[in-house]
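To be precise, the following lines are entry_4.txt, and they hold compact mmCIF, C-alpha atoms.
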```txt
# COMPACT_ATOMS: atom_id res chain seq x y z
CA MET A 14 61.02 276.52 89.89
CA GLU A 15 60.89 273.26 91.87
CA GLU A 16 64.20 274.10 93.60
CA SER A 17 62.83 277.48 94.73
CA CYS A 18 59.68 275.82 96.16
CA LEU A 19 61.74 273.31 98.10
CA GLU A 20 63.89 276.08 99.56
CA ASN A 21 60.78 277.95 100.80
CA LEU A 22 59.39 274.85 102.64
CA PRO A 23 60.18 274.61 106.32
CA LEU A 24 62.47 271.76 107.44
CA SER A 25 60.84 271.00 110.77
CA GLN A 26 58.89 267.76 111.37
CA ASN A 27 55.71 269.67 112.29
CA SER A 28 55.69 271.62 109.07
CA PHE A 29 56.09 268.29 107.11
CA ARG A 30 53.09 266.80 108.89
CA GLU A 31 51.05 269.86 108.00
CA LEU A 32 52.13 269.50 104.40
CA TRP A 33 51.17 265.78 104.29
CA GLU A 34 47.76 266.40 105.79
CA SER A 35 47.12 269.16 103.31
CA VAL A 36 47.44 266.63 100.44
CA ALA A 37 43.91 265.52 99.44
CA ALA A 38 43.95 261.69 99.12
CA PRO A 39 40.70 259.77 98.53
CA LEU A 40 39.67 257.08 100.97
CA ILE A 41 40.02 253.45 99.90
CA SER A 42 36.36 252.79 100.59
CA THR A 43 35.40 255.55 98.17
CA ILE A 44 37.35 254.02 95.24
CA PRO A 45 35.03 252.12 92.86
CA THR A 46 35.73 248.38 92.58
CA VAL A 47 34.67 247.87 88.93
CA ALA A 48 36.09 249.91 86.14
CA GLU A 49 33.72 251.89 83.93
CA PRO A 50 33.73 250.86 80.28
CA SER A 51 34.52 254.43 79.29
CA GLU A 52 37.56 254.65 81.52
CA THR A 53 40.94 254.45 79.90
CA TRP A 54 43.97 252.54 81.15
CA GLY A 55 45.41 255.29 83.27
CA VAL A 56 46.53 255.43 86.85
CA GLN A 57 42.97 255.21 88.08
CA GLY A 58 42.38 252.08 85.91
CA GLN A 59 45.40 250.32 87.36
CA MET A 60 44.19 250.97 90.90
CA ASN A 61 40.79 249.62 90.00
CA MET A 62 42.28 246.36 88.64
CA LEU A 63 44.31 245.82 91.82
CA LEU A 64 41.31 246.39 94.04
CA MET A 65 38.89 244.07 92.27
CA ASN A 66 36.50 241.95 94.24
CA GLU A 67 37.96 238.61 95.49
CA HIS A 68 35.11 236.73 93.87
CA ILE A 69 36.07 238.07 90.45
CA LEU A 70 39.72 236.98 90.94
CA THR A 71 38.90 233.41 91.98
CA GLU A 72 36.09 232.89 89.50
CA GLY A 73 38.25 231.39 86.69
CA PHE A 74 41.18 230.12 88.83
CA ASP A 75 41.94 226.39 88.73
CA GLU A 76 42.83 225.10 92.21
CA ASN A 77 44.46 221.92 90.78
CA LEU A 78 46.84 223.86 88.62
CA PHE A 79 49.94 223.06 90.68
CA GLU A 80 49.04 219.47 91.61
CA LEU A 81 51.00 216.71 89.88
CA PRO A 82 49.08 213.98 88.05
CA PRO A 83 48.98 210.57 89.82
CA GLU A 84 50.93 208.81 87.05
CA MET A 85 54.00 210.48 85.63
CA SER A 86 55.37 209.30 82.32
CA THR A 87 58.72 207.50 82.51
CA LYS A 88 61.59 209.63 81.30
CA ASP A 89 64.58 208.29 79.42
CA GLY A 90 67.05 206.62 81.76
CA VAL A 91 64.63 206.44 84.71
CA THR A 92 63.07 203.07 85.53
CA PRO A 93 59.85 202.57 87.48
CA PRO A 94 60.22 201.34 91.07
CA SER A 95 60.95 197.60 91.23
CA SER A 96 60.94 195.03 94.02
CA THR A 97 64.13 193.89 95.72
CA VAL A 98 63.57 190.24 94.74
CA PRO A 99 62.10 190.01 91.22
CA VAL A 100 59.24 187.59 90.58
CA THR A 101 60.26 184.62 88.41
CA THR A 102 56.88 182.95 87.92
CA ASP A 103 55.13 183.02 84.58
CA TYR A 104 52.16 185.37 84.22
CA PRO A 105 50.45 185.40 80.79
CA GLY A 106 48.04 188.16 81.88
CA GLU A 107 45.16 189.64 79.96
CA TYR A 108 47.06 189.55 76.66
CA ASP A 109 48.13 185.85 76.97
CA PHE A 110 51.81 186.76 76.76
CA GLN A 111 53.81 183.80 75.33
CA LEU A 112 57.38 183.14 74.15
CA ARG A 113 58.62 180.85 71.38
CA PHE A 114 62.09 179.75 70.32
CA GLN A 115 63.29 178.52 66.97
CA LYS A 116 64.02 174.78 66.70
CA SER A 117 67.73 174.34 65.95
CA GLY A 118 68.58 170.85 67.28
CA THR A 119 71.71 169.78 69.18
CA ALA A 120 74.34 169.94 66.46
CA LYS A 121 77.76 171.23 67.40
CA SER A 122 77.55 174.03 64.84
CA VAL A 123 74.48 175.77 66.33
CA THR A 124 75.03 179.07 68.13
CA SER A 125 71.71 179.05 69.98
CA THR A 126 69.31 176.26 70.93
CA TYR A 127 66.36 175.95 73.31
CA SER A 128 65.38 172.92 75.41
CA GLU A 129 61.66 172.55 76.00
CA LEU A 130 62.34 169.75 78.49
CA LEU A 131 64.41 172.02 80.75
CA ASN A 132 62.96 175.43 79.73
CA LYS A 133 66.53 176.52 79.12
CA LEU A 134 68.27 178.53 76.41
CA TYR A 135 71.82 177.55 75.40
CA CYS A 136 73.77 180.15 73.43
CA GLN A 137 77.27 181.30 72.64
CA LEU A 138 78.91 184.48 73.84
CA ALA A 139 77.73 187.62 71.97
CA LYS A 140 75.72 185.56 69.47
CA THR A 141 72.18 186.59 68.52
CA SER A 142 69.35 184.49 69.99
CA PRO A 143 65.92 185.13 68.37
CA VAL A 144 62.98 185.19 70.81
CA GLU A 145 59.45 185.21 69.38
CA VAL A 146 56.73 187.10 71.29
CA VAL A 147 53.06 186.15 70.90
CA VAL A 148 50.03 188.01 72.34
CA SER A 149 46.31 187.34 71.93
CA LYS A 150 45.46 191.01 71.30
CA GLU A 151 47.36 194.18 70.65
CA PRO A 152 48.74 195.81 73.83
CA PRO A 153 48.25 199.52 74.53
CA ALA A 154 50.16 202.10 72.54
CA GLY A 155 53.73 202.65 73.71
CA ALA A 156 54.09 199.19 75.30
CA VAL A 157 57.67 197.95 75.77
CA LEU A 158 59.44 194.62 76.26
CA ARG A 159 61.90 194.51 79.18
CA ALA A 160 64.63 191.87 79.67
CA THR A 161 66.24 191.41 83.09
CA ALA A 162 68.75 188.81 84.31
CA VAL A 163 68.67 187.39 87.87
CA TYR A 164 70.42 184.52 89.60
CA LYS A 165 68.39 181.31 89.91
CA LYS A 166 69.49 180.02 93.32
CA THR A 167 68.18 181.65 96.48
CA GLU A 168 71.64 182.19 97.96
CA HIS A 169 72.59 184.37 94.97
CA VAL A 170 69.29 186.03 94.05
CA ALA A 171 70.10 189.23 95.98
CA GLU A 172 73.22 189.87 93.88
CA VAL A 173 73.12 191.84 90.64
CA VAL A 174 74.02 189.99 87.45
CA ARG A 175 76.85 191.87 85.73
CA ARG A 176 79.54 191.14 83.19
CA CYS A 177 82.96 190.07 84.37
CA PRO A 178 85.68 192.78 84.56
CA HIS A 179 87.64 191.19 81.69
CA HIS A 180 84.83 191.54 79.15
CA GLN A 181 83.86 194.97 80.47
CA ASN A 182 87.37 196.33 79.89
CA GLU A 183 87.36 195.03 76.32
CA ASP A 184 84.09 196.85 75.50
CA ALA A 185 83.87 200.59 74.81
CA ALA A 186 80.05 200.91 74.87
CA GLU A 187 78.32 203.05 77.51
CA HIS A 188 76.30 200.08 78.71
CA ARG A 189 79.26 197.69 78.79
CA SER A 190 78.35 196.38 82.26
CA HIS A 191 74.98 195.03 81.02
CA LEU A 192 74.85 191.29 80.40
CA ILE A 193 71.81 191.33 78.09
CA ARG A 194 71.70 193.40 74.93
CA VAL A 195 69.07 193.92 72.25
CA GLU A 196 70.44 193.70 68.72
CA GLY A 197 69.01 195.24 65.55
CA SER A 198 67.07 198.09 67.21
CA GLN A 199 68.21 201.66 67.61
CA ARG A 200 65.41 202.35 70.10
CA ALA A 201 66.73 199.98 72.77
CA GLN A 202 67.27 201.69 76.14
CA TYR A 203 69.41 200.43 79.02
CA PHE A 204 68.39 201.10 82.61
CA GLU A 205 69.81 200.63 86.10
CA ASP A 206 67.47 200.80 89.08
CA GLN A 207 68.50 203.47 91.59
CA HIS A 208 67.57 201.35 94.61
CA THR A 209 68.33 197.73 93.68
CA LYS A 210 71.04 198.49 91.05
CA ARG A 211 69.55 195.81 88.81
CA GLN A 212 70.11 196.31 85.11
CA SER A 213 67.58 195.85 82.32
CA VAL A 214 67.08 196.68 78.67
CA THR A 215 63.83 197.72 76.97
CA VAL A 216 62.70 197.83 73.37
CA PRO A 217 59.34 199.13 72.07
CA TYR A 218 56.80 196.45 71.23
CA GLU A 219 56.21 196.22 67.49
CA PRO A 220 52.96 194.64 66.21
CA PRO A 221 53.37 191.56 63.96
CA GLN A 222 53.83 192.19 60.29
CA LEU A 223 51.15 191.35 57.76
CA GLY A 224 50.57 187.59 57.55
CA SER A 225 52.40 186.84 60.80
CA GLU A 226 51.33 186.45 64.43
CA ILE A 227 54.70 186.85 66.15
CA THR A 228 57.06 189.68 67.01
CA THR A 229 60.75 188.76 67.09
CA ILE A 230 63.38 190.39 69.29
CA LEU A 231 67.09 189.60 69.13
CA LEU A 232 68.88 189.07 72.44
CA SER A 233 72.59 188.52 72.99
CA PHE A 234 74.43 187.62 76.20
CA MET A 235 77.81 189.29 76.59
CA CYS A 236 79.53 186.98 79.12
CA ASN A 237 80.06 183.23 79.54
CA SER A 238 78.41 181.43 82.43
CA SER A 239 81.86 180.27 83.58
CA CYS A 240 83.50 183.74 83.66
CA MET A 241 85.34 184.47 86.91
CA GLY A 242 84.21 187.71 88.51
CA GLY A 243 80.90 187.52 86.68
CA MET A 244 78.36 184.68 86.76
CA ASN A 245 81.09 182.25 87.88
CA ARG A 246 79.10 179.08 86.96
CA ARG A 247 76.00 180.30 88.79
CA PRO A 248 72.79 179.60 86.85
CA ILE A 249 70.75 182.64 85.79
CA LEU A 250 67.17 183.32 84.72
CA THR A 251 66.05 185.83 82.12
CA ILE A 252 62.78 187.64 82.91
CA LEU A 253 61.00 189.02 79.85
CA THR A 254 58.04 191.29 80.65
CA LEU A 255 55.47 193.18 78.60
CA GLU A 256 54.91 196.60 80.20
CA THR A 257 53.05 199.84 79.64
CA PRO A 258 55.02 203.08 79.21
CA GLU A 259 54.33 203.80 82.92
CA GLY A 260 55.93 200.47 83.99
CA LEU A 261 52.76 198.44 84.64
CA VAL A 262 53.44 194.73 83.96
CA LEU A 263 50.98 193.19 81.48
CA GLY A 264 52.69 189.78 81.14
CA ARG A 265 55.79 187.91 82.31
CA ARG A 266 57.79 184.90 81.11
CA CYS A 267 61.00 183.38 82.57
CA PHE A 268 63.56 180.93 81.18
CA GLU A 269 67.01 179.74 82.23
CA VAL A 270 70.08 180.69 80.19
CA ARG A 271 73.47 179.05 79.84
CA VAL A 272 76.15 180.88 77.85
CA CYS A 273 78.77 178.36 76.70
CA ALA A 274 81.11 177.46 73.84
CA CYS A 275 79.10 174.47 72.55
CA PRO A 276 75.35 174.94 73.15
CA GLY A 277 74.27 171.80 71.26
CA ARG A 278 76.57 169.48 73.21
CA ASP A 279 75.66 170.97 76.59
CA ARG A 280 71.93 170.78 75.86
CA LYS A 281 72.19 167.11 74.83
CA THR A 282 74.22 166.21 77.93
CA GLU A 283 71.93 167.96 80.39
CA GLU A 284 68.79 166.51 78.81
CA GLU A 285 70.24 163.00 79.06
CA ASN A 286 71.21 163.52 82.69
CA SER A 287 67.75 164.87 83.50
CA THR A 288 66.08 161.86 81.83
CA LYS A 289 68.32 159.43 83.74
CA MET A 290 67.55 161.10 87.04
CA GLN A 291 63.81 160.98 86.37
CA ASN A 292 63.97 157.30 85.38
CA GLY A 293 66.12 156.47 88.40
CA THR A 294 63.70 158.08 90.83
CA LYS A 295 60.81 156.20 89.22
CA GLN A 296 62.57 152.86 89.64
CA ILE A 297 63.42 153.57 93.27
CA LYS A 298 59.81 154.45 94.00
CA LYS A 299 58.63 151.21 92.38
CA ARG A 300 61.05 149.16 94.45
CA LYS A 301 59.93 150.80 97.64
CA SER A 302 56.25 150.34 96.92
CA VAL A 303 56.48 146.69 95.74
CA PRO A 304 59.14 144.77 97.73
CA LEU A 305 60.50 141.70 95.98
CA PRO A 306 60.11 138.33 97.81
CA GLU A 307 63.31 136.85 99.15
CA ASN A 308 64.42 133.60 97.51
CA PRO A 309 67.41 132.00 99.27
CA SER A 310 67.82 129.42 96.52
CA ALA A 311 68.51 132.19 94.02
CA LYS A 312 71.73 133.18 95.76
CA LYS A 313 74.80 131.94 93.92
CA THR A 314 78.06 131.07 95.61
CA LYS A 315 81.36 131.34 93.86
CA SER A 316 83.04 128.06 93.16
CA VAL A 317 86.72 127.37 93.66
CA SER A 318 87.30 127.08 89.94
CA SER A 319 85.79 130.51 89.26
CA ALA A 320 87.99 132.05 91.97
CA GLU A 321 91.07 130.52 90.39
CA GLU A 322 90.04 131.83 86.99
CA GLU A 323 89.66 135.37 88.43
CA ASP A 324 93.15 135.11 89.93
CA LYS A 325 94.58 134.20 86.52
CA GLU A 326 92.89 137.15 84.78
CA VAL A 327 95.33 139.88 83.69
CA PHE A 328 94.55 143.60 84.18
CA VAL A 329 96.32 146.62 82.71
CA LEU A 330 96.91 149.65 84.97
CA HIS A 331 98.00 152.99 83.48
CA VAL A 332 100.30 154.86 85.87
CA ARG A 333 101.46 158.45 85.46
CA GLY A 334 105.04 159.08 86.57
CA ARG A 335 108.12 156.86 86.59
CA GLU A 336 108.47 156.83 90.36
CA ARG A 337 104.95 155.54 90.91
CA TYR A 338 105.43 152.91 88.23
CA GLU A 339 108.59 151.57 89.87
CA MET A 340 106.90 151.44 93.27
CA LEU A 341 103.86 149.58 91.98
CA LYS A 342 106.10 147.23 89.95
CA LYS A 343 108.00 146.25 93.11
CA ILE A 344 104.73 145.55 94.89
CA ASN A 345 103.56 143.39 91.99
CA ASP A 346 106.87 141.49 91.84
CA GLY A 347 106.67 140.80 95.57
CA LEU A 348 103.14 139.43 95.23
CA GLU A 349 104.24 137.21 92.35
CA LEU A 350 107.11 135.74 94.46
CA LEU A 351 104.70 135.20 97.33
CA ASP A 352 102.38 133.19 95.08
CA LYS A 353 105.31 131.03 93.89
CA ASP A 354 106.39 130.29 97.47
CA ARG A 355 102.87 129.25 98.35
CA THR A 356 102.73 126.78 95.47
CA LYS A 357 106.09 125.23 96.53
CA THR A 358 105.20 124.79 100.21
CA ARG A 359 101.74 123.40 99.48
CA PRO A 360 101.57 119.73 100.82
CA SER A 361 101.33 117.00 98.20
CA VAL A 362 98.25 114.84 98.20
CA LYS A 363 98.89 111.10 98.85
CA HIS A 364 97.47 108.88 96.17
CA GLU A 365 95.68 105.81 97.49
CA VAL A 366 97.04 102.52 96.19
CA PRO A 367 94.44 100.74 94.11
CA LEU A 368 93.37 97.33 95.38
CA PRO A 369 94.11 94.28 93.24
CA SER A 370 91.33 92.60 91.37
CA SER A 371 91.46 89.59 93.73
CA GLY A 372 90.57 91.72 96.67
CA LYS A 373 93.97 91.46 98.46
CA ARG A 374 95.77 94.63 99.37
CA LEU A 375 99.25 95.14 97.95
CA LEU A 376 102.07 95.22 100.49
CA GLN A 377 103.98 98.44 100.94
CA ARG A 378 107.71 98.56 101.52
CA GLY A 379 108.55 97.48 105.09
CA GLU A 380 105.26 95.73 105.70
CA ARG A 381 104.88 91.99 106.46
CA SER A 382 102.10 89.70 105.40
CA ASP A 383 99.68 88.14 107.84
CA SER A 384 101.10 84.70 107.20
CA ASP A 385 104.48 85.79 108.43
```
What is this structure when it is put down as structure tokens?
Amino acid sequence: MEESCLENLPLSQNSFRELWESVAAPLISTIPTVAEPSETWGVQGQMNMLLMNEHILTEGFDENLFELPPEMSTKDGVTPPSSTVPVTTDYPGEYDFQLRFQKSGTAKSVTSTYSELLNKLYCQLAKTSPVEVVVSKEPPAGAVLRATAVYKKTEHVAEVVRRCPHHQNEDAAEHRSHLIRVEGSQRAQYFEDQHTKRQSVTVPYEPPQLGSEITTILLSFMCNSSCMGGMNRRPILTILTLETPEGLVLGRRCFEVRVCACPGRDRKTEEENSTKMQNGTKQIKKRKSVPLPENPSAKKTKSVSSAEEEDKEVFVLHVRGRERYEMLKKINDGLELLDKDRTKTRPSVKHEVPLPSSGKRLLQRGERSDSD
């Protein structure tokens, strides 16, 4: 039936226009804008929903739907933006953020020891160093502790502290390039800043247990301070910060770290050297402020007898190598011969002839008396 109707229609453009105009289509202005409650969801209902009033469409629309919140939560593996040169000054903050270290002395058997005099931690390679965290009140939920290593001297502070290639190749962990590790926690996360390339490790803050006021974290340093290609004897600082989940710093503490084979011995030596330097500077200042009066009579001159005694004193010289020994022995033998020649050629002192008891002088050989 439809095919027969199509065959009867004319194919000219004018006849098509006449056909289109003959179709009765309602004007848009005559279409109602609000659907009647009795209307069903037919074709007319769909047209009514599309042609609703603009006020009805925007009445329940939230304009801030596609705007991002000002603070985005930190995702795993993404660190908040950090400064190029980290701050190394202590900042207790609102929560009075403090650090404590266990007292272990300077024995040779200790694996970790802290010097309060130098604010310096001495520890062995890959050995656990307990660090106690103390706060005056509980930080916000989700707070984390972040540990970062930086070089202490200004000429090296721009460089990133990493492990040496030797220790990196021996380690199969994903974070093998990180110097600082957190032991005993499965929730530790390792980060590397996209801009500064500095590495850090975070661990969630845990409130103190019942009957205690401290929270302990276990840090280990995976490279010696003397490793070539790594720290290379350059002193480092460890920055420990208390942060919110968004990266806002609530407190900061810094301390120097030396990773060595004998922490107790190195701590004792450096403390003694520091004490000597402080005492030496104090003495120099006292001498400059109070000059001592000069006393020429106090000067002592060496006597001839003391000089001779020093010449007779025997010294022992240890020489390495046969050739050097023979050369120095010849020099010594020559000096000994020179001393003997000097004693032989030294002029003899004439002894004065004692006068007789009568007061007359004794005649020498070849002399004549006055009577003659």
Just want the 7 Å neighbourhood of region 264-274 of chain A, counted on all atoms listed in the file, with same-chain residues fewer than 3 positions away dropped. Output as a PDB file with C-alpha atoms, in the frame of the given file.
```pdb
ATOM      1  CA  THR A 101      60.260 184.620  88.410  1.00  0.00           C
ATOM      2  CA  THR A 102      56.880 182.950  87.920  1.00  0.00           C
ATOM      3  CA  ASP A 103      55.130 183.020  84.580  1.00  0.00           C
ATOM      4  CA  TYR A 104      52.160 185.370  84.220  1.00  0.00           C
ATOM      5  CA  PRO A 105      50.450 185.400  80.790  1.00  0.00           C
ATOM      6  CA  GLY A 106      48.040 188.160  81.880  1.00  0.00           C
ATOM      7  CA  PHE A 110      51.810 186.760  76.760  1.00  0.00           C
ATOM      8  CA  ASN A 132      62.960 175.430  79.730  1.00  0.00           C
ATOM      9  CA  LYS A 133      66.530 176.520  79.120  1.00  0.00           C
ATOM     10  CA  LEU A 134      68.270 178.530  76.410  1.00  0.00           C
ATOM     11  CA  TYR A 135      71.820 177.550  75.400  1.00  0.00           C
ATOM     12  CA  CYS A 136      73.770 180.150  73.430  1.00  0.00           C
ATOM     13  CA  GLN A 137      77.270 181.300  72.640  1.00  0.00           C
ATOM     14  CA  LEU A 138      78.910 184.480  73.840  1.00  0.00           C
ATOM     15  CA  ASN A 237      80.060 183.230  79.540  1.00  0.00           C
ATOM     16  CA  SER A 238      78.410 181.430  82.430  1.00  0.00           C
ATOM     17  CA  ILE A 249      70.750 182.640  85.790  1.00  0.00           C
ATOM     18  CA  LEU A 250      67.170 183.320  84.720  1.00  0.00           C
ATOM     19  CA  THR A 251      66.050 185.830  82.120  1.00  0.00           C
ATOM     20  CA  ILE A 252      62.780 187.640  82.910  1.00  0.00           C
ATOM     21  CA  LEU A 253      61.000 189.020  79.850  1.00  0.00           C
ATOM     22  CA  THR A 254      58.040 191.290  80.650  1.00  0.00           C
ATOM     23  CA  LEU A 255      55.470 193.180  78.600  1.00  0.00           C
TER      24      LEU A 255
END
```
> Which residues, written as a PyMOL selection string, have at least one atom at most 6 Å from Phe234 (chain A), with only C-alpha atoms counted and residues fewer than 3 positions away on the same chain left out?
Replying inline: chain A and resi 138-139+192-193
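Computed from the coordinates, the CA of Leu231 (chain A) to CA of Pro143 (chain A) distance equals 4.7 Å.
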> Which is closer to Glu196 (chain A) than all the others in A:Val170, A:Val214, A:Val148, A:Met290, using all atoms listed in the file?
Replying inline: A:Val214
> From the set A:Thr288, A:Thr209, A:Ser233, A:Thr228, which residue has the shortest atom-to-atom contact distance to Glu151 (chain A), counting only C-alpha atoms?
Replying inline: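 Of A:Thr288, A:Thr209, A:Ser233, A:Thr228, the one nearest Glu151 (chain A) is A:Thr228, counting only C-alpha atoms.
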> Between A:Val144, A:Val98, A:Ala156, A:Ile227, which one has atoms that come closest to Leu261 (chain A), using only C-alpha atoms?
Replying inline: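 Ranked by minimum distance to Leu261 (chain A), first place goes to A:Ala156.
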>> What does the structure give for the distance between CA of Cys177 (chain A) and CA of Gly118 (chain A), in Å to one decimal?
In response: 29.5 Å
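You will find CA of Thr141 (chain A) at 17.2 Å from CA of Asp184 (chain A).
Using only C-alpha atoms, the nearest neighbour of Leu232 (chain A) within the list A:Asn245, A:Thr215, A:Asn286, A:Asn345 is A:Thr215.
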